[in-house]
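Student: The structure under discussion is supplied below as structure tokens; questions concerning it will follow.
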Amino acid sequence: MARSEFAKKTLLGIVPADSPFYAFHPVTRLAFLFVLSVTPMFIDRPEINLAIIAMTFGLFWWGRVRMSDLKKYRLLLVTVALFMFIVAYLAPGDKAQLTPVRLVGLTLYWEPMRWAFVSYVRLMAMLFGAILYFSTNRERDVLVGLRTLRLPFQVSYVAGLSLRSAGMFMEDFATIREAEQARALDLDALSLREKVKLYTMYTVPLFAVALRRADEISAALYARGYTLSGRPGTGGKRTDYLRDKSVLRVRDWVVSFGLLGTFVVIAIVSRTTGVFSIQASPLIGFVEQLLGIG
Amino acid sequence: MSLLEVNDLTFQYEDGTSALRGIDFTVEEGEFIALIGQNGSGKTTFAKSLAGLLRPTTGRVVVDGIDTARKGVIKELVRRIGYVFQNPDHQLFNNNVYDEIAYGPTNLGIDDPERDEIVREAAAAAGVREALFTEHPFFLTKGLRQRIAIASTLAMRPKAIIVDEPTTGQDYRQSAEIMTFLTRLWRDEGHTIIIVTHEMPIVAAYAQRVVALCEGRILLDGTTRDVFARPDELRRTFVKPPQVTRLAQAWGDPGIASDVITVEELVDGAVSSIVGRSSASPAGISGGTDPASARGPGRKGQ
Amino acid sequence: MATNSAAGSSGRIWVVEEGERRSPGIIHVVMMALFIGIGIVVGTLGSLAIPIGFVSAFWPGQAVQAVGSIWFGAWGVIAGMFFPFISNAMSGSAPIPVSAAYLPANFIQGFLAVAAFKLLKGDPRLLTARDWTIWVVFGVLVANFVGAFWGTYVLSWFGLITDQARIPALLGWTFGNSIPSLIFGSILLKYVTPMVIRSKAFVKGWWA
Amino acid sequence: MNAIELSGVTWRYEHAKEPALVDVDLAIPEGEFVLVIGPNEAGKTTLVSAIKGLIPNSITGVLKGDVLVFGERVESIKPPVLAKQIGFVFADPESQFTALTVEEEIVFGLENVGWPRETIGKRVEWAARITGVEDLLDKPPYDISGGQKQRVAIASVIAMQPRILILDEPTAMIDPLGKDLVVRICAELKNDHDMTIVVVEHNIEAFAPLADKVVMVNEGRVERVAPPREIFRDLDYLLARDVHPPQVSQVFGRLRERGLYRGELPLSDEEGFASWRTLPEGAAR
């Protein structure tokens, strides 16, 4: 089925072809991934990480990602928060050194709760950075990005093939599901034991297809003159025609270095000053005041 | 009531591609239909919609009184319409051939003496020998895996069977075997058969009705002879009639029908035309009207 | 059936027969890539189906790591190390820095299983009680324990759990994750191994 | 010199009881267009896999005999060197794709061989033009129609300008329009580029008019090697082995058996039309 011109199928969804992200070179988008998903490591202050989350959502909107694709993460947001706060409640650590707070009939300890909140916001900031990347990039964008970074051909080839095969297995999965349905399997009516059995039913054809595909692809690689070393038979280096073809424009240099520069500055400031520490957070301070903790 | 009723069916993929754009279609019980059209014309999407595997974006597909969009009708549907996928690897889930064929009946809640009988019957019908029952389907040839897939579908005893590209990658003998087998199901057991195919000689030799799809719409729908006799419209679906039909049409000989679809028909036409025009020629009379040659291989009775 | 011919002679499966040429080839690289692909799918869908985030306490991915390593040796171990980066990110389970910190655990979870099978000469088709024992003890329990040991360390390091919660988290993780590993991994070994061992991609030694 | 020479080739796949090729001798001179026909599992794909060196280099089993490509044993030729001599198009186009865009797909082999960038650019342009895939260069190769996929597969192989081109059932998976285009590409390569071409096909009708020689394979043996008109004359021999010559050849073969036609067997629609006109008793107009 020929797909329409209007949509690009990314790793996690579908994004219109005129999404502004496509104006950037794939390597610039890798810089987005790196900076968005690593910077929060250096930031404790929740309001800054919340701002990063807001900015990421702004980028989702600006990049015209279909927001309904993000719905599948809703449950995760809740369960992870529940988990972290329950752990902080049940296993707060050495209570003697902690500040007890009585809230709606429960005795909580403030420091672990505060830390859970800070970590949770940081985690979400990092996660949505990665989700943004996989929502707006196709397999080939990842590949061009990796090749531009001069990764050895074998590495980028394996990366490309594995991402592509993930896509193929997703499609296989969908077809296998249809085939199961065609054989009278009613998912809604299954017990847990039957669902487990169903997993086998999925894996057998999935691996059958994978094994055949491995044979076919390796025969095709041999036929096209590929060797394990990746070196041409005449000796010398493999040409990288495509990498040389995709051009980094001024905009890419500016944005990439802007992003990386910001990252470096934040990392240094974080290590040398207390600007990004919890102590500097007005939000935390405000809550502490509210709870009457000094 | 018709077996299949399709009203104004449209189907749109998640990314917004329209695969089907308003199809009205009916199938009566006992038909043998070939769905043709070029890659991307929507054949497979249409066929899967008929089997209830894809839910219409708009419009309705009703199989023997059951709307496929309703929830919880899977078990009802598979007893009425079976679907055999193009790639057998996608539909073989079990570790041995017997379990594979028994899989559908098990899901339908059929238990053993009856299930065993059904499995053996379906295997026999599809030409799967019982000696193969303990084999792992993965290691069998593609033709055999295809037949196991068909047997597995038959085991649910549907009234209609849709087979997606039954002969792709098979040689003449294997194609003929599968097609003869489908023909037997159709003629002797009253099954309705729908095949999706690119192979015009197969269509010509076996199908009774041809439906040509083009860009998500039905372009031609009629008896096989009628459809192949309309080369201009067929060209729009990029489908060519069989070579003998093209020859008959190109020759334009009044003694030869322009809707022949087998070698034998054209040979007979040519012979009688030659004999008719030059009754003086002794050579022409000698081998001219041998009635035995009117049979085609695998051609159904007229 | 040909696949049963080795029954009763556990461990023979790893023996390189006389005249048999085995060397790493393109097929292994391709299989590794495809296996990363499978890992991404199983890991992502598994995490989204049971959305408990970074707590890998009910994650079928470990089974993929262990089984892939048993089948494809070092190639499977490498595949098992890297697919979680992508599946964690796509499913929203763990951001890239956390995945990077999990790396040694990913290695252990695959390596222990294959090392046990090769050294103790277990048959991955799980033909005897001994094969089962090797699988359950090393491929499931020990591998998950060591993985959880490292994993909980990482979690507390990133501040995702408190230090006091490490021990309960370690136990929860080990046993929690042993369940999907056991079910899913056993199914893979039992049902898919017969196909794998006849494929050229199957690895008898470490690399071929 | 013969482009391809097989002598005494016997091959058994690993896990198989019977050999798939039995004592095959075959010589294909440079520049010929050879059509390989025969029933399924007769050994056609195995035969061309042996010529390309996939047997024994990529597929395991037991090989006896010699396969020579331009006088050299195919086993000992390094893959990148061999890729310049023999191009191989697989039956299922999707299974041979290695890259994420059509352009990369075409470039892949060229990069493996290590040609300079300018040469690669020209080759891509040339291969894309002949196969008519210029407009697809930016698309993922697995997201286009079946016929387009096959043309991309051919483009990525001919971009290397191999001296020998092997196509294993190139039209099996595609629609009639796609089939026609593939045949047209083969005709152009035969006529304008002087390649030695070996095609394995069930769709004999499409390729018979192009073939200089037909190789009939049955039960692992090369049973007959002859020009198409000659091989199709023995209709009953072929039909008994479930091999169906072009319908036009069959029709005139039957007329010939009845003494109504004496000329050469036609191979194409056009020849069939012309032959009909030569029948004095027939075509009145």
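Naming scheme: A, B, ... for chains in displayed order of the structure tokens; residues 1 onward per chain; ligands 1 onward as shown.
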Considering only C-alpha atoms, extract the chain C residues located within 9 Å of chain B and return them as an NGL selection string.
Tutor: :C and (1 or 191-192 or 194-195)
Student: Using N, CA, C and O atoms, can you write the selected residues to a file as a PDB file, in the first residue's frame?
Tutor:
ATOM      1  N   MET C   1      11.233 -37.446  13.701  1.00  0.00           N
ATOM      2  CA  MET C   1      11.584 -36.034  13.509  1.00  0.00           C
ATOM      3  C   MET C   1      13.062 -35.815  13.811  1.00  0.00           C
ATOM      4  O   MET C   1      13.557 -36.220  14.852  1.00  0.00           O
ATOM      5  N   TYR C 191      10.049 -24.074  22.298  1.00  0.00           N
ATOM      6  CA  TYR C 191       9.373 -24.066  21.011  1.00  0.00           C
ATOM      7  C   TYR C 191      10.230 -23.553  19.861  1.00  0.00           C
ATOM      8  O   TYR C 191      10.031 -23.944  18.719  1.00  0.00           O
ATOM      9  N   VAL C 192      11.114 -22.638  20.154  1.00  0.00           N
ATOM     10  CA  VAL C 192      11.830 -22.005  19.045  1.00  0.00           C
ATOM     11  C   VAL C 192      13.217 -22.627  18.820  1.00  0.00           C
ATOM     12  O   VAL C 192      13.708 -22.648  17.702  1.00  0.00           O
ATOM     13  N   PRO C 194      14.249 -25.682  18.439  1.00  0.00           N
ATOM     14  CA  PRO C 194      14.366 -26.633  17.328  1.00  0.00           C
ATOM     15  C   PRO C 194      14.565 -25.951  15.975  1.00  0.00           C
ATOM     16  O   PRO C 194      15.269 -26.470  15.111  1.00  0.00           O
ATOM     17  N   MET C 195      13.966 -24.786  15.803  1.00  0.00           N
ATOM     18  CA  MET C 195      14.168 -24.057  14.555  1.00  0.00           C
ATOM     19  C   MET C 195      15.562 -23.436  14.514  1.00  0.00           C
ATOM     20  O   MET C 195      16.238 -23.441  13.499  1.00  0.00           O
TER      21      MET C 195
END
Student: Determine which residues of range 125-263 of chain B DSSP labels as helix (DSSP H, G or I) from the backbone of this structure, then write them out as a PyMOL selection string.
Tutor: chain B and resi 125-126+130-132+137-139+142-154+172-189+200-206+224-228+231-236+243-251+263
Student: Taking only C-alpha atoms into account, which residues of chain D are within 8 Å of chain A, as a PyMOL selection string?
Tutor: chain D and resi 52+54+58-59+78-83+87-88+90+95-101+104+107-109+111-117+120+143-145+157
Student: Atoms to include: C-alpha atoms. Write the selected residues as a compact mmCIF listing (two decimals), in the first residue's frame.
Tutor:
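The file below, again.txt, is the result:
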# COMPACT_ATOMS: atom_id res chain seq x y z
CA LYS D 52 26.86 -16.81 -7.97
CA LEU D 54 26.17 -18.38 -2.75
CA SER D 58 26.72 -18.50 2.05
CA ILE D 59 24.73 -21.74 2.14
CA LYS D 78 36.34 -12.40 -2.93
CA PRO D 79 32.76 -11.13 -2.56
CA PRO D 80 33.45 -7.51 -3.58
CA VAL D 81 35.31 -8.68 -6.68
CA LEU D 82 32.65 -11.21 -7.52
CA ALA D 83 29.96 -8.56 -7.09
CA GLY D 87 24.91 -9.41 -10.13
CA PHE D 88 22.16 -11.46 -8.50
CA PHE D 90 16.56 -12.47 -5.63
CA SER D 95 14.46 -9.87 1.39
CA GLN D 96 17.48 -8.38 -0.34
CA PHE D 97 17.12 -4.82 0.85
CA THR D 98 19.90 -3.75 3.12
CA ALA D 99 19.35 -0.01 3.39
CA LEU D 100 16.76 2.48 4.53
CA THR D 101 16.31 4.50 1.35
CA GLU D 104 21.26 4.03 -0.23
CA VAL D 107 24.68 2.85 -3.45
CA PHE D 108 25.32 -0.02 -1.04
CA GLY D 109 27.12 -2.36 -3.44
CA GLU D 111 30.32 1.56 -1.63
CA ASN D 112 31.32 -2.02 -0.87
CA VAL D 113 33.43 -2.12 -3.98
CA GLY D 114 35.03 1.14 -2.95
CA TRP D 115 34.52 3.24 -6.08
CA PRO D 116 35.11 7.00 -5.90
CA ARG D 117 32.18 9.26 -5.18
CA ILE D 120 29.01 6.25 -7.67
CA ASP D 143 7.42 1.28 1.64
CA ILE D 144 6.85 1.22 -2.12
CA SER D 145 4.79 -1.08 -4.33
CA VAL D 157 22.44 -4.78 -8.79
Student: Can you tell me which residues surround Arg235 in chain B at a distance of at most 12 Å, considering only C-alpha atoms, apart from same-chain residues fewer than 3 positions away, and format the answer as a ChimeraX atom specification?
Tutor: /B:37-38,212-214,219-220,227-232,238-241 /D:176-177
Student: Output as a tab-separated table one row per residue of chain C within 8 Å of chain A: the closest atom pair and its distance in Å to one decimal place, counting only C-alpha atoms, sorted by chain and residue number ascending.
Tutor:
residue	atom	partner	partner_atom	distance
C:Gly25	CA	A:Leu228	CA	6.6
C:Ile26	CA	A:Leu228	CA	5.8
C:Ile27	CA	A:Ser218	CA	5.1
C:Val29	CA	A:Val158	CA	7.4
C:Val30	CA	A:Ala214	CA	5.9
C:Met31	CA	A:Ala214	CA	5.6
C:Met32	CA	A:Val158	CA	7.9
C:Ala33	CA	A:Ser162	CA	4.5
C:Leu34	CA	A:Ser162	CA	5.3
C:Phe35	CA	A:Ser162	CA	7.3
C:Ile36	CA	A:Ser162	CA	5.5
C:Gly37	CA	A:Ala166	CA	4.0
C:Ile38	CA	A:Ala166	CA	6.0
C:Ile40	CA	A:Ala166	CA	6.2
C:Val41	CA	A:Ala166	CA	5.9
C:Leu48	CA	A:Lys72	CA	7.6
C:Pro51	CA	A:Leu76	CA	5.0
C:Ile52	CA	A:Thr79	CA	5.7
C:Gly53	CA	A:Val80	CA	5.8
C:Phe54	CA	A:Val80	CA	7.7
C:Ala89	CA	A:Ala130	CA	5.8
C:Met90	CA	A:Ile131	CA	6.0
C:Ser91	CA	A:Tyr73	CA	7.8
C:Gly92	CA	A:Leu127	CA	5.8
C:Ser93	CA	A:Leu127	CA	7.7
C:Ala94	CA	A:Leu127	CA	6.7
C:Pro95	CA	A:Leu127	CA	5.0
C:Ile96	CA	A:Ser37	CA	6.7
C:Pro97	CA	A:Val38	CA	6.6
C:Phe158	CA	A:Ser119	CA	7.7
C:Gly159	CA	A:Ser119	CA	6.1
C:Leu160	CA	A:Ser119	CA	6.1
C:Ile161	CA	A:Met84	CA	6.5
C:Thr162	CA	A:Ala88	CA	6.4
C:Asp163	CA	A:Gly93	CA	6.7
C:Gln164	CA	A:Gly93	CA	5.0
C:Ala165	CA	A:Ala91	CA	5.3
C:Ile183	CA	A:Val196	CA	7.8
C:Phe184	CA	A:Tyr199	CA	7.6
C:Ile187	CA	A:Thr200	CA	6.2
C:Leu188	CA	A:Thr203	CA	7.3
C:Tyr191	CA	A:Val204	CA	6.9
C:Val192	CA	A:Val204	CA	6.1
C:Met195	CA	A:Ala208	CA	7.3
C:Val196	CA	A:Leu211	CA	7.3
C:Ser199	CA	A:Leu211	CA	7.1
C:Lys200	CA	A:Asp215	CA	7.7
C:Ala201	CA	A:Ala214	CA	7.8
